[in-house]
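Listing of my_file13.txt; format and content: compact mmCIF, C-alpha atoms and all ligand atoms.
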```txt
# COMPACT_ATOMS: atom_id res chain seq x y z
CA MET W 16 10.38 109.56 64.16
CA SER W 17 12.31 108.93 67.35
CA THR W 18 15.87 109.11 66.19
CA ASP W 19 17.11 106.68 68.83
CA PHE W 20 15.11 103.94 67.24
CA ALA W 21 15.45 104.22 63.53
CA VAL W 22 18.26 102.59 61.62
CA CYS W 23 19.30 103.83 58.24
CA PHE W 24 20.52 101.00 56.11
CA THR W 25 20.79 100.78 52.36
CA PRO W 26 21.42 97.30 51.00
CA GLY W 27 23.13 97.00 47.67
CA THR W 28 21.16 95.19 45.02
CA ILE W 29 22.46 93.77 41.78
CA THR W 30 19.99 93.74 38.93
CA ASP W 31 20.16 91.58 35.83
CA PRO W 32 19.47 93.37 32.53
CA GLN W 33 18.53 89.96 31.10
CA ASP W 34 16.26 89.05 34.04
CA PRO W 35 14.09 86.14 32.85
CA HIS W 36 11.44 87.19 35.38
CA ALA W 37 11.29 90.78 34.09
CA SER W 38 7.82 90.34 32.58
CA LEU W 39 6.39 89.39 35.99
CA TYR W 40 6.72 92.79 37.68
CA ASP W 41 6.52 96.52 37.00
CA TYR W 42 8.73 97.95 39.76
CA ASP W 43 12.03 96.98 41.37
CA ASP W 44 13.59 99.98 43.08
CA ALA W 45 14.62 101.50 46.42
CA ASN W 46 10.98 101.45 47.58
CA THR W 47 10.79 97.69 47.20
CA VAL W 48 13.83 96.61 49.23
CA ILE W 49 12.72 95.26 52.59
CA THR W 50 15.14 94.57 55.42
CA LEU W 51 14.21 92.46 58.43
CA ALA W 52 16.44 93.04 61.43
CA ASP W 53 16.71 92.38 65.12
CA TRP W 54 17.68 95.39 67.17
CA TYR W 55 19.70 95.39 70.37
CA HIS W 56 19.80 98.41 72.65
CA LYS W 57 23.16 97.21 73.97
CA ALA W 58 26.28 97.14 71.80
CA ALA W 59 27.33 93.71 70.56
CA PRO W 60 30.77 93.41 72.23
CA SER W 61 29.40 93.68 75.78
CA ILE W 62 26.55 91.19 75.38
CA GLN W 63 28.74 88.86 73.34
CA GLU W 64 31.24 88.74 76.17
CA ILE W 65 28.51 87.75 78.62
CA TYR W 66 27.29 85.08 76.20
CA LEU W 67 30.74 83.62 75.63
CA ARG W 68 31.60 83.73 79.33
CA GLY W 69 28.58 81.55 79.81
CA ASN W 70 27.98 81.76 83.52
CA GLY W 71 24.72 82.56 85.25
CA GLY W 72 22.43 81.47 82.45
CA GLY W 73 24.44 83.43 79.91
CA ASN W 74 24.62 80.40 77.63
CA HIS W 75 21.44 81.64 76.05
CA GLU W 76 21.90 83.92 73.08
CA PRO W 77 21.42 87.62 73.78
CA ILE W 78 17.78 88.48 73.15
CA PRO W 79 17.11 91.57 71.00
CA ASP W 80 14.89 94.42 72.13
CA ALA W 81 12.81 94.69 68.96
CA GLY W 82 12.34 93.55 65.40
CA LEU W 83 12.63 96.13 62.65
CA ILE W 84 11.27 96.32 59.12
CA ASN W 85 13.24 98.81 57.04
CA GLY W 86 14.81 100.16 60.18
CA ALA W 87 11.64 100.99 62.10
CA GLY W 88 10.23 99.08 65.05
CA ARG W 89 8.82 99.31 68.54
CA TYR W 90 9.64 97.92 71.95
CA LYS W 91 7.38 97.54 74.95
CA GLY W 92 7.07 100.83 76.77
CA GLY W 93 8.92 102.66 73.99
CA PRO W 94 7.73 105.39 71.62
CA ALA W 95 5.14 104.64 68.93
CA THR W 96 7.68 104.95 66.14
CA PRO W 97 5.92 105.16 62.77
CA TRP W 98 6.07 101.85 60.95
CA ALA W 99 7.99 101.78 57.69
CA ARG W 100 5.82 102.25 54.60
CA VAL W 101 5.99 100.52 51.24
CA ASN W 102 4.12 102.55 48.62
CA VAL W 103 2.18 100.89 45.82
CA VAL W 104 -0.22 101.92 43.08
CA ALA W 105 -3.30 99.80 42.49
CA GLY W 106 -2.93 97.41 39.60
CA LYS W 107 0.88 97.40 39.57
CA ARG W 108 3.22 94.51 40.40
CA TYR W 109 6.20 94.96 42.70
CA ARG W 110 9.34 92.89 43.09
CA LEU W 111 10.03 93.02 46.83
CA ARG W 112 13.57 92.08 47.81
CA VAL W 113 13.25 90.71 51.33
CA ILE W 114 16.53 90.45 53.22
CA ASN W 115 17.10 89.13 56.73
CA ILE W 116 19.99 91.18 58.13
CA SER W 117 19.58 89.89 61.69
CA ALA W 118 22.23 88.77 64.11
CA TYR W 119 19.87 86.11 65.41
CA ALA W 120 16.15 86.18 64.63
CA GLY W 121 14.22 84.46 61.88
CA PHE W 122 11.07 86.17 60.62
CA GLU W 123 7.80 84.86 59.23
CA PHE W 124 7.06 87.35 56.46
CA SER W 125 3.59 87.98 55.03
CA ILE W 126 1.38 90.79 53.70
CA GLU W 127 -2.24 91.02 54.70
CA SER W 128 -4.61 90.03 51.83
CA HIS W 129 -1.71 89.65 49.36
CA SER W 130 0.10 86.54 48.22
CA LEU W 131 3.84 86.31 47.60
CA LYS W 132 5.10 84.96 44.30
CA ILE W 133 8.66 83.80 45.04
CA ILE W 134 10.94 84.14 42.00
CA GLU W 135 14.46 84.25 43.44
CA LEU W 136 16.34 83.11 46.52
CA ASP W 137 19.85 84.09 47.54
CA GLY W 138 20.50 85.45 44.04
CA ILE W 139 19.34 82.36 42.13
CA ASN W 140 16.25 82.56 39.90
CA HIS W 141 13.61 79.96 40.68
CA ALA W 142 10.38 78.94 38.99
CA PRO W 143 7.60 81.13 40.42
CA LEU W 144 5.99 79.66 43.53
CA THR W 145 3.10 81.42 45.23
CA VAL W 146 2.71 81.30 49.02
CA ASP W 147 1.05 83.41 51.70
CA ARG W 148 3.92 83.50 54.18
CA MET W 149 7.53 82.40 54.39
CA MET W 150 10.20 81.92 57.02
CA VAL W 151 13.28 84.03 56.34
CA TYR W 152 16.34 83.08 58.39
CA ALA W 153 19.38 85.22 59.12
CA GLY W 154 21.33 85.85 55.94
CA GLN W 155 18.60 84.63 53.59
CA ARG W 156 17.22 86.73 50.72
CA TYR W 157 14.04 86.31 48.68
CA SER W 158 12.49 88.20 45.79
CA VAL W 159 8.71 88.02 45.80
CA VAL W 160 6.31 89.60 43.36
CA VAL W 161 3.35 91.28 45.04
CA HIS W 162 0.42 92.34 42.88
CA ALA W 163 -1.37 95.40 44.25
CA ASN W 164 -4.73 94.00 43.23
CA GLN W 165 -6.73 94.72 46.36
CA ALA W 166 -8.94 97.64 47.40
CA VAL W 167 -7.17 100.98 47.85
CA LYS W 168 -6.28 101.15 51.55
CA ASN W 169 -3.49 100.27 53.96
CA TYR W 170 -2.44 96.68 54.71
CA TRP W 171 -0.15 95.18 57.33
CA ILE W 172 3.19 93.78 56.37
CA ARG W 173 3.89 91.34 59.20
CA ALA W 174 7.11 89.70 60.31
CA PRO W 175 6.83 88.02 63.73
CA MET W 176 10.19 86.86 65.00
CA GLU W 177 11.41 83.36 65.75
CA LEU W 178 14.09 82.96 68.41
CA GLN W 179 15.58 79.82 69.88
CA HIS W 180 14.82 80.65 73.47
CA SER W 181 11.92 82.30 75.20
CA SER W 182 12.64 85.94 75.75
CA ASP W 183 14.25 87.15 78.95
CA ASN W 184 14.14 90.69 77.57
CA LYS W 185 11.07 92.53 78.81
CA ASN W 186 11.35 95.02 75.94
CA LEU W 187 10.72 92.45 73.25
CA ASP W 188 7.36 91.67 71.70
CA THR W 189 8.17 89.13 68.98
CA GLU W 190 4.71 89.58 67.40
CA ASN W 191 4.84 93.35 67.18
CA VAL W 192 6.90 93.64 64.00
CA TYR W 193 5.06 95.50 61.26
CA ALA W 194 5.28 97.79 58.28
CA VAL W 195 2.50 99.22 56.10
CA LEU W 196 1.69 98.44 52.48
CA HIS W 197 0.22 101.75 51.43
CA TYR W 198 -1.89 102.16 48.28
CA ALA W 199 -1.75 105.55 46.58
CA GLY W 200 -4.99 107.32 47.45
CA ALA W 201 -5.39 105.68 50.86
CA PRO W 202 -5.11 107.84 53.99
CA ALA W 203 -1.66 108.24 55.54
CA ALA W 204 -2.58 106.02 58.46
CA GLU W 205 -2.09 102.57 59.90
CA PRO W 206 -4.39 99.79 58.74
CA THR W 207 -7.51 99.48 60.82
CA THR W 208 -7.25 95.69 61.19
CA ARG W 209 -5.05 94.14 63.84
CA ALA W 210 -4.34 90.75 62.34
CA ARG W 211 -2.22 88.61 64.63
CA GLY W 212 -1.52 84.95 64.23
CA SER W 213 -0.54 82.98 61.16
CA SER W 214 -2.72 81.85 58.31
CA GLY W 215 -2.41 80.81 54.71
CA THR W 216 0.11 78.67 52.89
CA LEU W 217 3.57 78.62 54.43
CA LEU W 218 6.52 78.20 52.09
CA GLN W 219 7.94 74.68 51.99
CA GLU W 220 11.49 75.14 50.76
CA HIS W 221 11.66 71.79 48.99
CA LEU W 222 8.98 72.91 46.51
CA LEU W 223 11.28 75.55 45.05
CA ALA W 224 13.04 74.64 41.79
CA PRO W 225 15.77 76.60 40.00
CA LEU W 226 14.71 78.26 36.76
CA GLU W 227 18.04 77.72 35.02
CA ASN W 228 20.20 74.57 34.86
CA PRO W 229 18.31 72.63 37.49
CA GLY W 230 19.78 69.43 38.88
CA ALA W 231 22.20 68.51 41.60
CA PRO W 232 25.90 68.28 40.67
CA GLY W 233 26.63 64.63 39.98
CA GLY W 234 22.94 63.75 39.75
CA ASN W 235 21.97 60.88 42.01
CA HIS W 236 25.43 59.30 41.81
CA PRO W 237 27.59 59.29 44.93
CA ALA W 238 29.57 62.47 45.45
CA ASP W 239 33.35 62.50 45.04
CA ARG W 240 33.71 63.75 48.57
CA SER W 241 31.10 63.43 51.29
CA ILE W 242 31.71 65.26 54.55
CA ASP W 243 29.66 64.70 57.69
CA LEU W 244 29.29 67.78 59.84
CA GLY W 245 27.86 67.49 63.34
CA PHE W 246 27.69 70.49 65.60
CA THR W 247 27.32 70.88 69.35
CA ARG W 248 27.14 73.55 71.99
CA ASN W 249 29.46 73.14 74.94
CA THR W 250 28.74 75.07 78.09
CA ASN W 251 31.55 73.94 80.33
CA GLY W 252 32.87 77.14 81.81
CA GLN W 253 32.27 79.12 78.65
CA THR W 254 29.95 78.96 75.68
CA GLU W 255 31.45 77.42 72.61
CA TRP W 256 30.04 75.87 69.46
CA THR W 257 31.96 73.14 67.72
CA VAL W 258 31.76 71.41 64.35
CA ASN W 259 32.99 67.83 64.59
CA ASP W 260 34.25 68.68 68.08
CA ILE W 261 36.37 71.64 66.95
CA ARG W 262 35.67 75.25 67.76
CA TYR W 263 36.63 77.46 64.82
CA GLU W 264 39.07 80.22 65.68
CA SER W 265 40.44 82.71 63.18
CA PRO W 266 44.12 82.06 62.41
CA ASP W 267 46.74 84.76 62.93
CA LEU W 268 47.40 84.74 59.20
CA PRO W 269 44.42 84.57 56.86
CA THR W 270 43.82 81.24 55.14
CA LEU W 271 44.10 82.93 51.75
CA LEU W 272 47.58 84.21 52.57
CA ASN W 273 48.70 80.84 53.89
CA ILE W 274 47.57 79.20 50.65
CA VAL W 275 48.98 81.63 48.11
CA ALA W 276 52.13 82.79 49.92
CA ASN W 277 53.02 80.03 52.37
CA GLY W 278 52.17 77.03 50.21
CA PHE W 279 49.51 75.49 52.47
CA THR W 280 48.03 72.60 50.45
CA ALA W 281 47.05 69.70 52.70
CA GLU W 282 44.81 69.54 55.74
CA PRO W 283 47.68 68.99 58.22
CA ASP W 284 49.15 72.32 57.08
CA PHE W 285 46.38 74.09 58.94
CA THR W 286 46.04 74.32 62.71
CA THR W 287 43.29 72.35 64.43
CA HIS W 288 41.14 75.37 65.19
CA GLU W 289 41.17 76.53 61.59
CA ASN W 290 38.90 73.49 61.05
CA THR W 291 39.87 73.45 57.39
CA TYR W 292 38.96 70.83 54.79
CA VAL W 293 40.94 70.74 51.55
CA LEU W 294 38.87 70.07 48.41
CA LYS W 295 40.21 68.98 45.05
CA LYS W 296 39.41 70.94 41.89
CA ASP W 297 36.05 70.06 40.32
CA GLN W 298 35.13 67.49 42.95
CA ILE W 299 31.43 66.99 43.57
CA VAL W 300 31.22 67.81 47.26
CA GLU W 301 28.36 66.70 49.46
CA LEU W 302 27.89 68.08 52.96
CA VAL W 303 25.78 66.03 55.34
CA ILE W 304 24.85 68.46 58.10
CA HIS W 305 23.29 66.92 61.19
CA GLY W 306 20.93 69.26 63.00
CA SER W 307 20.91 69.84 66.72
CA ALA W 308 18.79 67.51 68.84
CA ASN W 309 16.58 70.31 70.16
CA GLY W 310 15.49 71.25 66.63
CA HIS W 311 16.62 74.86 66.77
CA VAL W 312 17.26 76.38 63.36
CA HIS W 313 20.81 77.23 62.37
CA PRO W 314 21.05 79.05 59.02
CA PHE W 315 24.22 77.71 57.40
CA HIS W 316 25.83 80.00 54.84
CA LEU W 317 28.53 78.96 52.37
CA HIS W 318 30.79 81.50 50.71
CA GLY W 319 31.97 81.00 47.14
CA HIS W 320 29.11 78.81 45.91
CA PRO W 321 25.41 78.50 45.81
CA PHE W 322 24.57 74.88 46.66
CA ASP W 323 21.76 72.47 45.86
CA VAL W 324 19.61 71.49 48.85
CA ILE W 325 19.17 67.81 48.04
CA GLN W 326 17.63 66.98 51.39
CA GLY W 327 16.15 69.85 53.35
CA ASN W 328 14.30 69.88 56.63
CA SER W 329 11.24 68.36 55.04
CA GLY W 330 10.23 66.68 51.82
CA PRO W 331 11.91 63.88 49.90
CA ALA W 332 15.51 63.84 48.68
CA ASN W 333 15.66 65.50 45.26
CA TYR W 334 18.49 65.24 42.73
CA ILE W 335 16.43 66.41 39.73
CA ASN W 336 15.64 70.04 40.56
CA PRO W 337 16.33 70.81 44.23
CA PRO W 338 16.35 74.41 45.48
CA ARG W 339 19.64 76.24 44.98
CA ARG W 340 20.77 78.89 47.42
CA ASP W 341 23.59 79.87 49.76
CA VAL W 342 21.91 79.92 53.19
CA VAL W 343 19.94 76.91 54.39
CA GLY W 344 18.17 76.60 57.72
CA VAL W 345 19.19 73.37 59.46
CA LYS W 346 16.68 72.15 62.03
CA GLY W 347 16.68 68.91 64.00
CA GLY W 348 17.13 66.50 61.09
CA THR W 349 19.86 65.99 58.54
CA VAL W 350 20.29 68.43 55.66
CA ILE W 351 22.30 67.40 52.60
CA ILE W 352 23.74 69.96 50.20
CA ARG W 353 25.98 69.67 47.14
CA PHE W 354 28.24 71.87 45.10
CA LYS W 355 31.02 71.44 42.56
CA ALA W 356 34.46 72.61 43.67
CA ASP W 357 35.07 74.75 40.60
CA ASN W 358 35.90 78.02 42.34
CA PRO W 359 39.41 77.85 43.85
CA GLY W 360 39.73 79.74 47.11
CA PRO W 361 39.21 79.50 50.87
CA TRP W 362 35.49 79.48 51.56
CA PHE W 363 33.76 79.79 54.90
CA LEU W 364 30.76 77.68 55.92
CA HIS W 365 29.22 79.13 59.05
CA CYS W 366 26.07 79.54 61.03
CA HIS W 367 24.63 82.96 60.19
CA ILE W 368 23.55 83.53 63.77
CA ASP W 369 26.35 85.91 64.73
CA TRP W 370 26.50 84.71 68.33
CA HIS W 371 27.09 81.13 67.18
CA LEU W 372 29.73 82.14 64.65
CA GLU W 373 31.60 84.09 67.32
CA ALA W 374 31.47 80.98 69.52
CA GLY W 375 33.06 78.84 66.79
CA LEU W 376 30.28 77.41 64.61
CA ALA W 377 32.20 77.38 61.32
CA VAL W 378 34.49 75.40 59.06
CA VAL W 379 36.65 76.44 56.10
CA PHE W 380 36.99 74.75 52.73
CA ALA W 381 40.36 75.31 51.11
CA GLU W 382 39.22 74.66 47.59
CA ALA W 383 41.83 73.63 45.03
CA PRO W 384 44.87 75.30 46.66
CA ASN W 385 47.20 74.32 43.80
CA GLU W 386 44.95 76.02 41.26
CA GLN W 387 45.11 79.22 43.30
CA ARG W 388 48.87 79.32 42.85
CA THR W 389 49.23 77.98 39.30
CA GLY W 390 47.10 77.38 36.23
CA PRO W 391 45.04 79.80 34.16
CA ALA W 392 44.06 82.14 36.99
CA PRO W 393 46.78 82.11 39.64
CA GLN W 394 46.60 84.54 42.51
CA ILE W 395 50.19 85.63 42.84
CA ILE W 396 50.98 88.18 45.51
CA LYS W 397 53.47 90.86 44.53
CA GLN W 398 56.71 90.87 46.49
CA SER W 399 56.07 94.48 47.49
CA TRP W 400 52.89 93.34 49.22
CA LEU W 401 54.61 90.44 50.95
CA ASP W 402 57.18 92.92 52.22
CA LEU W 403 54.37 94.54 54.21
CA CYS W 404 54.07 91.47 56.46
CA PRO W 405 57.30 91.92 58.44
CA ILE W 406 56.50 95.62 58.76
CA TYR W 407 53.09 94.76 60.16
CA ARG W 408 54.46 92.11 62.54
CA ALA W 409 56.97 94.62 63.89
CA LEU W 410 54.19 96.96 65.02
CA PRO W 411 53.34 97.09 68.72
CA PRO W 412 50.44 94.74 69.55
CA ALA W 413 48.05 97.62 70.11
CA LEU W 414 48.43 98.64 66.49
CA GLN W 415 48.04 95.15 65.03
CU CU W 501 23.58 78.62 64.88
```

Please express the file's structure as structure tokens.
Ligand SMILES: [Cu+2]
Amino acid sequence: MSTDFAVCFTPGTITDPQDPHASLYDYDDANTVITLADWYHKAAPSIQEIYLRGNGGGNHEPIPDAGLINGAGRYKGGPATPWARVNVVAGKRYRLRVINISAYAGFEFSIESHSLKIIELDGINHAPLTVDRMMVYAGQRYSVVVHANQAVKNYWIRAPMELQHSSDNKNLDTENVYAVLHYAGAPAAEPTTRARGSSGTLLQEHLLAPLENPGAPGGNHPADRSIDLGFTRNTNGQTEWTVNDIRYESPDLPTLLNIVANGFTAEPDFTTHENTYVLKKDQIVELVIHGSANGHVHPFHLHGHPFDVIQGNSGPANYINPPRRDVVGVKGGTVIIRFKADNPGPWFLHCHIDWHLEAGLAVVFAEAPNEQRTGPAPQIIKQSWLDLCPIYRALPPALQ
């Protein structure tokens, strides 16, 4: 394998000894974790600077050089790096954990001649739903059960990439993203078919229903707090993304510290560019996220909570058993999500496209600040830790 083009990456997985889906599969191990990644030959800081500077067409996101499955991929004119291999034994059922670890790209994931039984998304068990292919956006995770019930040979695992702009990178072939599903007993070779193009049932997110405790917080009653979030790209002079006209910028002191040590409690306590909304304990919070007019997909990720996708990009509004996850792709329309503010803390909501996050596409929810300082589970900082702050601030800037 060409060492300049293989990435070693070992995701952590958390398994549930009481997994309600345990009877549906035989294997769930290191062989069945599948990462989907975009790969840049240039280091992020340099291309990010060009993107943020914005001049000369640089408002377009940096385009990767290749897509990788489990760290292996190819670029035009590059070496024929062996595709990653997922080993199976005929007759067995495998829980594949598919993870999009990209900075930017979405992937349409499928396996030649095999269907995908989705049982979990973003850590939440869902009722099994069988599809042939599914879009996986940056930050999203799916568990799918694949039954090795076909003839003993090699099959393509395919993951063509979806980007928001046509490629200006001559290295990239968005269709040429493969791995091999290899049956024990088949030759150690690539499949002989060359299936390109999409076919079969594509996952519609709104058909997914949680296995446990389905139902949106608050049912179909109005939420306690409804927050409209509109986002825009500004290209005047430099590239910036704003939510409700504010570009998020990290504060000098972390939000957590300002809440627990400096008593920040109300929205005016925070600076404008912290773009921080204060939520009250146990409020039913509804976020109404308006997609961008051009219909590009922005995968929004919330820390601290899974949320119910009441209104996704397609399908009717659903308060009974909507999908529950923590990254939702927002396209051109309006996406509505809900969660209950029962987890005190500062939680980030941000686009999982790294370039957009760096350009400001984020807000913060300061959830129940009072309950962080008092109540049954206060987060009190020891004085000896607080004493570190003046020591840190006294350091020369280069060391801060
Ligand atoms: Cu985005």

Quiz item: Which of these residues is nearest to W:Asn140, using only C-alpha atoms: W:Pro412, W:Gly319, W:Gly344, W:Pro338?
Solution: W:Pro338

Exercise. Give the residue list for ligand CU 501 (chain W) at 8 Å, counting all atoms listed in the file, as a PyMOL selection string, sorted by chain and then by residue number.
Key: chain W and resi 312-315+366-372+376

Practice problem: Would you please work out which residue, of W:Ala95, W:Asp80, W:Val159, W:Asn74, is nearest to W:Ala58 when using only C-alpha atoms? | Solution: W:Asp80

Quiz item: Taking all atoms listed in the file into account, which of W:Tyr198, W:Phe363, W:Phe354, W:Tyr55 comes nearest W:Gln165?
Solution: W:Tyr198

Exercise. Using only C-alpha atoms, find all polymer residues with an atom at most 12 Å away from the point (35.1, 77.5, 69.8); report them as a PyMOL selection string.
Key: chain W and resi 67-68+246-251+253-265+287-290+370-378

Exercise. Quick one: pull the distance between atom CA of W:Ala199 and atom CA of W:Asp147, Å, one decimal.
Key: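 Atom CA of W:Ala199 sits 22.9 Å away from atom CA of W:Asp147.
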
Quiz prompt | Nearest to W:Asp239 by atom-to-atom distance, counting all atoms listed in the file, from W:Gln179, W:Ser213, W:Gln298, W:Thr207 | solution = W:Gln298

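With all atoms listed in the file taken into account, the protein and nucleic acid residues at most 8 Å from stretch 214-230 of chain W (excluding it and anything under 5 positions from it in its own chain) are Ile139, Asn140, His141, Ala142, Leu144, Val146, Asp147, Arg148, Met149, Met150, Asp323, Val324, Gly327, Ser329, Gly330, Pro331, Tyr334, Ile335, Asn336, Pro337, Pro338 and Arg339 of chain W.
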
Quiz prompt | Nearest to W:Phe380, chosen from W:Thr291, W:Asn358, W:Ser399, W:Thr208, with only C-alpha atoms counted in the distances | solution =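 Looking only at the distances to W:Phe380, the closest residue turns out to be W:Thr291.
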
Quiz prompt | Separation of atom CA of W:Ser130 from atom CA of W:Val161, in Å and rounded to one decimal | solution = 6.6 Å

Quiz item: Pick the closest to W:Asp137 from W:Gln155, W:Asn85, W:Gln394, W:Ser125: which is it, counting all atoms listed in the file?
Solution: W:Gln155

Quiz item: Expressed in Å to a single decimal, how great is the separation between atom CA of W:Gly347 and atom CA of W:Pro175?
Solution: 21.5 Å

Practice problem: Excluding W:Pro393 and any residue of its chain fewer than 5 positions from it, enumerate the residues within 12 Å of it, using only C-alpha atoms, and give them as a VMD selection string. | Solution: chain W and resid 274 to 276 358 to 360 383 to 388

Practice problem: Write out as a PyMOL selection string each polymer residue whose atoms come within 9 Å of W:Glu127, counting only C-alpha atoms; drop sequence neighbours fewer than 4 positions from it. | Solution: chain W and resi 147+170-173+196+210

Exercise. For a cut-off of 8 Å around (20.1, 89.2, 56.1), file coordinates, pick out all residues using all atoms listed in the file and list them as number ranges by chain.
Key: W: 50-52, 114-117, 152-156
